[in-house]
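Enquirer: The structure follows.
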Amino acid sequence: MSANTTSPADREPEAPAAGSRLPRIPFWAQIVLGLVLGVLLGWLARSQDISWLKDTLEQIGGIFVRLLKLAVAPLVFFAILVSITNLRKVNNAARLASRTLLWFLITSLIAVAIGITIGLVTNPGEGTGLTPKDGKAPEKSGSWIDFLTGIIPTDIITPFAELKVLQIVFLAAFAGIAALALGEKAKPILTLSESVLELLQKALWWVIRLAPLGTVGLIGYAIADYGWDLISKYATFTADVYIGCILVLFGVYPLLLATVAKVNPVQFFKGAWPAIQLAFVSRSSVGTMPVTQRVTERLGVPKEYASFAVPFGATTKMDGCAAIYPALAAIFVAQIFDVQLGVQDYLLIAFVSVVGSAATAGLTGATVMTTLTLSTLGLPLEGVGLLLAIDPILDMIRTATNVAGQALVPVIVAARENILDLDRYNSASASPIDEIAPSDAERKVSVPAPA
């Protein structure tokens, strides 16, 4: 007698009996309703000066973010460890890993070039009414020394206690490589790690289901706290970030899919949409990672490869936070402080964006990456204080762009290596978030050898 190991998230939802209950509201509609309700409640709290409503919205959004962060440290560790050991099941694993990294770099370069171009055309720091006195140096900042020395932890506990994601990635990679070297002796540890990862993903899945409620709190508090007056001061900069991300999302990515991967871009967005919309709301690439991996597998990327590429991308692949945004932020701060940037400075921005993107893994948002960019260019770090005022509004589109890129690259690499399941890709649909979990049969599909 065998036990049924299919988890509730993996089962197809049962159709409700006729007349027994109301039709189920799709997850995307719940998110939209959360956005609308959040804007309305935030406007009400600010316009009528209802302090208790503002505090309630802050608590609701804060609890949702804390629940996401609660799983980040163990999720990153076990996801990276398991993903590295899963590479032993993949043909040409080293080739796939190197191609994945290469496309991470290529797409980051394209994104940062778009950010710089938009900044040069629009001059986002001019006419804002902001002055250097409005800025405040951040309590935490990033530098190349901190970045390079901060990769290796001084002990095992601190990275998990203080959520130093880059150090957690280092520990996980080290453990994964050691497990590969041990071979069969490490099998019990790997089995345990896979079970813990499944448990964490299940728990995080329950948190993800709270995203519509979290949306109400996060959006509502942002409107109640910042108001439209503040947003108007950053109108050009805000528009630049959104335009840059949208150009990458719906311009560059479809072009790469059509010309490099030679697949239908519309199908990609159909399959990946649940992860993109969740990223927009949660503002967390790592928190969205289980959904990103599942939609990537649904798009025909073999599970063994997706389980490596997606966790790796969730901690290092940041086209929104580490490419478009730092480029625009540097131009914005330079104009506020009346500093002229030259060609060498723009080349430095591109270099920092490509090489230093892993620094964004340390904190929610792009604060560390921004301070790293500003310090490299010699710009005042007080400029970060100007940007923090509008950061939550910008972080939504940045994270959505990050996650879309984290699903895009595995599709491109798999297509180029002839291991993409085109039947599954072409049949991908924008089904509700409940229905994106692969079946047990799909989980066991092995990676075919490249042609």
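Just so we're on the same page: first chain in the structure tokens is A, next is B, and so on; residues restart at 1 for each chain, and ligands are numbered from 1 in the order they show up.
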Any idea what's packed within 6 Å of stretch 277-290 of chain A, counting only C-alpha atoms, ignoring anything in its chain fewer than 4 positions away? Could you give it as an NGL selection string?

Expert: :A and (68 or 215 or 314 or 396-397 or 399-400)

Enquirer: One decimal, Å: what's the distance from atom CA of A:Ile80 over to atom CA of A:Leu299, could you say?

Expert: 21.2 Å

Enquirer: Which of stretch 67-232 of chain A end up as alpha helix (DSSP H) when DSSP is run on this backbone - answer as a PyMOL selection string?

Expert: chain A and resi 67-86+93-122+144-149+157-161+165-182+187-208+211-232

Enquirer: Could you write those residues out with C-alpha atoms, as a CSV table (one decimal), in the first residue's frame?

Expert:
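Below is the file result-v7.csv, written as the result:
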```csv
chain,number,residue,atom,x,y,z
A,67,LEU,CA,6.1,36.4,6.8
A,68,LEU,CA,7.9,36.4,3.4
A,69,LYS,CA,11.3,37.3,5.0
A,70,LEU,CA,10.8,34.6,7.6
A,71,ALA,CA,11.3,31.9,5.0
A,72,VAL,CA,14.0,33.7,3.0
A,73,ALA,CA,17.2,32.5,4.8
A,74,PRO,CA,16.4,28.7,5.0
A,75,LEU,CA,14.8,28.8,1.5
A,76,VAL,CA,17.8,30.4,-0.1
A,77,PHE,CA,20.2,28.0,1.6
A,78,PHE,CA,18.4,24.8,0.7
A,79,ALA,CA,17.3,25.9,-2.7
A,80,ILE,CA,20.9,26.7,-3.7
A,81,LEU,CA,22.3,23.5,-2.1
A,82,VAL,CA,19.7,21.3,-3.8
A,83,SER,CA,20.0,23.1,-7.1
A,84,ILE,CA,23.7,22.6,-7.3
A,85,THR,CA,23.5,18.9,-6.4
A,86,ASN,CA,20.7,18.6,-9.0
A,93,ALA,CA,25.8,20.8,-16.5
A,94,ALA,CA,28.9,23.0,-16.7
A,95,ARG,CA,27.9,24.3,-20.2
A,96,LEU,CA,24.3,25.1,-19.0
A,97,ALA,CA,25.7,26.9,-15.9
A,98,SER,CA,28.1,29.0,-17.9
A,99,ARG,CA,25.4,29.8,-20.6
A,100,THR,CA,23.0,30.9,-17.8
A,101,LEU,CA,25.6,33.2,-16.3
A,102,LEU,CA,26.4,34.6,-19.8
A,103,TRP,CA,22.8,35.5,-20.5
A,104,PHE,CA,22.5,37.0,-17.1
A,105,LEU,CA,25.3,39.4,-18.0
A,106,ILE,CA,24.0,40.1,-21.5
A,107,THR,CA,20.5,41.0,-20.4
A,108,SER,CA,21.9,43.1,-17.5
A,109,LEU,CA,24.1,45.1,-20.0
A,110,ILE,CA,21.0,45.7,-22.2
A,111,ALA,CA,19.0,46.9,-19.2
A,112,VAL,CA,21.6,49.2,-17.9
A,113,ALA,CA,22.1,50.7,-21.4
A,114,ILE,CA,18.3,51.4,-21.5
A,115,GLY,CA,18.4,53.0,-18.1
A,116,ILE,CA,21.3,55.3,-19.0
A,117,THR,CA,19.7,56.3,-22.3
A,118,ILE,CA,16.4,57.2,-20.7
A,119,GLY,CA,18.2,59.2,-18.0
A,120,LEU,CA,20.2,61.2,-20.5
A,121,VAL,CA,17.1,62.0,-22.5
A,122,THR,CA,14.8,63.0,-19.7
A,144,TRP,CA,33.4,47.2,-3.0
A,145,ILE,CA,35.4,46.3,0.1
A,146,ASP,CA,32.2,45.4,1.9
A,147,PHE,CA,30.9,43.5,-1.0
A,148,LEU,CA,34.1,41.4,-1.6
A,149,THR,CA,34.9,40.8,2.1
A,157,ILE,CA,24.8,31.7,12.6
A,158,THR,CA,25.1,35.4,11.7
A,159,PRO,CA,24.2,35.1,8.0
A,160,PHE,CA,20.9,33.5,8.9
A,161,ALA,CA,20.2,35.7,12.0
A,165,VAL,CA,21.7,36.5,1.7
A,166,LEU,CA,25.0,36.7,-0.2
A,167,GLN,CA,26.8,34.9,2.7
A,168,ILE,CA,24.0,32.3,2.8
A,169,VAL,CA,24.5,31.7,-1.0
A,170,PHE,CA,28.2,31.2,-0.3
A,171,LEU,CA,27.5,28.7,2.5
A,172,ALA,CA,24.9,26.8,0.3
A,173,ALA,CA,27.2,26.7,-2.7
A,174,PHE,CA,30.1,25.4,-0.6
A,175,ALA,CA,27.9,22.8,1.0
A,176,GLY,CA,26.5,21.7,-2.4
A,177,ILE,CA,29.9,21.3,-4.0
A,178,ALA,CA,31.1,19.3,-0.9
A,179,ALA,CA,28.0,17.1,-1.3
A,180,LEU,CA,28.8,16.5,-4.9
A,181,ALA,CA,32.4,15.5,-4.0
A,182,LEU,CA,31.2,13.1,-1.3
A,187,LYS,CA,22.7,11.0,-0.1
A,188,PRO,CA,21.0,11.1,3.3
A,189,ILE,CA,21.8,14.8,3.7
A,190,LEU,CA,20.5,15.5,0.1
A,191,THR,CA,17.3,13.6,0.8
A,192,LEU,CA,16.8,15.6,4.0
A,193,SER,CA,17.6,18.9,2.2
A,194,GLU,CA,15.0,18.1,-0.6
A,195,SER,CA,12.4,17.3,2.1
A,196,VAL,CA,13.1,20.6,4.0
A,197,LEU,CA,13.0,22.6,0.7
A,198,GLU,CA,9.6,21.1,-0.1
A,199,LEU,CA,8.4,21.9,3.4
A,200,LEU,CA,9.6,25.5,3.1
A,201,GLN,CA,8.0,25.9,-0.3
A,202,LYS,CA,4.7,24.6,1.0
A,203,ALA,CA,4.8,27.1,4.0
A,204,LEU,CA,5.7,29.9,1.7
A,205,TRP,CA,2.9,28.9,-0.7
A,206,TRP,CA,0.4,29.6,2.2
A,207,VAL,CA,2.0,33.0,2.7
A,208,ILE,CA,1.7,33.7,-1.1
A,211,ALA,CA,-0.7,38.4,-1.2
A,212,PRO,CA,-4.1,40.1,-2.0
A,213,LEU,CA,-4.4,41.1,1.7
A,214,GLY,CA,-0.8,42.2,1.8
A,215,THR,CA,-1.4,44.3,-1.3
A,216,VAL,CA,-4.1,46.2,0.5
A,217,GLY,CA,-1.7,47.1,3.3
A,218,LEU,CA,1.4,47.8,1.2
A,219,ILE,CA,-0.3,50.0,-1.4
A,220,GLY,CA,-2.6,51.6,1.1
A,221,TYR,CA,0.2,52.6,3.5
A,222,ALA,CA,2.4,53.9,0.6
A,223,ILE,CA,-0.4,56.2,-0.5
A,224,ALA,CA,-1.3,57.3,3.0
A,225,ASP,CA,2.3,57.9,4.0
A,226,TYR,CA,3.7,59.5,0.8
A,227,GLY,CA,0.7,61.0,-0.8
A,228,TRP,CA,0.5,62.3,-4.4
A,229,ASP,CA,2.4,65.5,-3.6
A,230,LEU,CA,5.6,63.7,-2.9
A,231,ILE,CA,5.1,61.5,-5.9
A,232,SER,CA,4.7,64.5,-8.1
```

Enquirer: What is the distance, in Å and to one decimal place, between atom CA of A:Leu381 and atom CA of A:Thr401?

Expert: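 Interatomic distance here is 25.5 Å.
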
Enquirer: Residues at most 9 Å from A:Pro326, counting only C-alpha atoms, excluding those fewer than 6 positions away in the same chain, as a list in words?

Expert: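 My list of contacting residues is Val112, Gly115, Gly320, Ile349, Ser353, Ala366, Met369, Thr370, Thr371, Thr373 and Leu374 of chain A.
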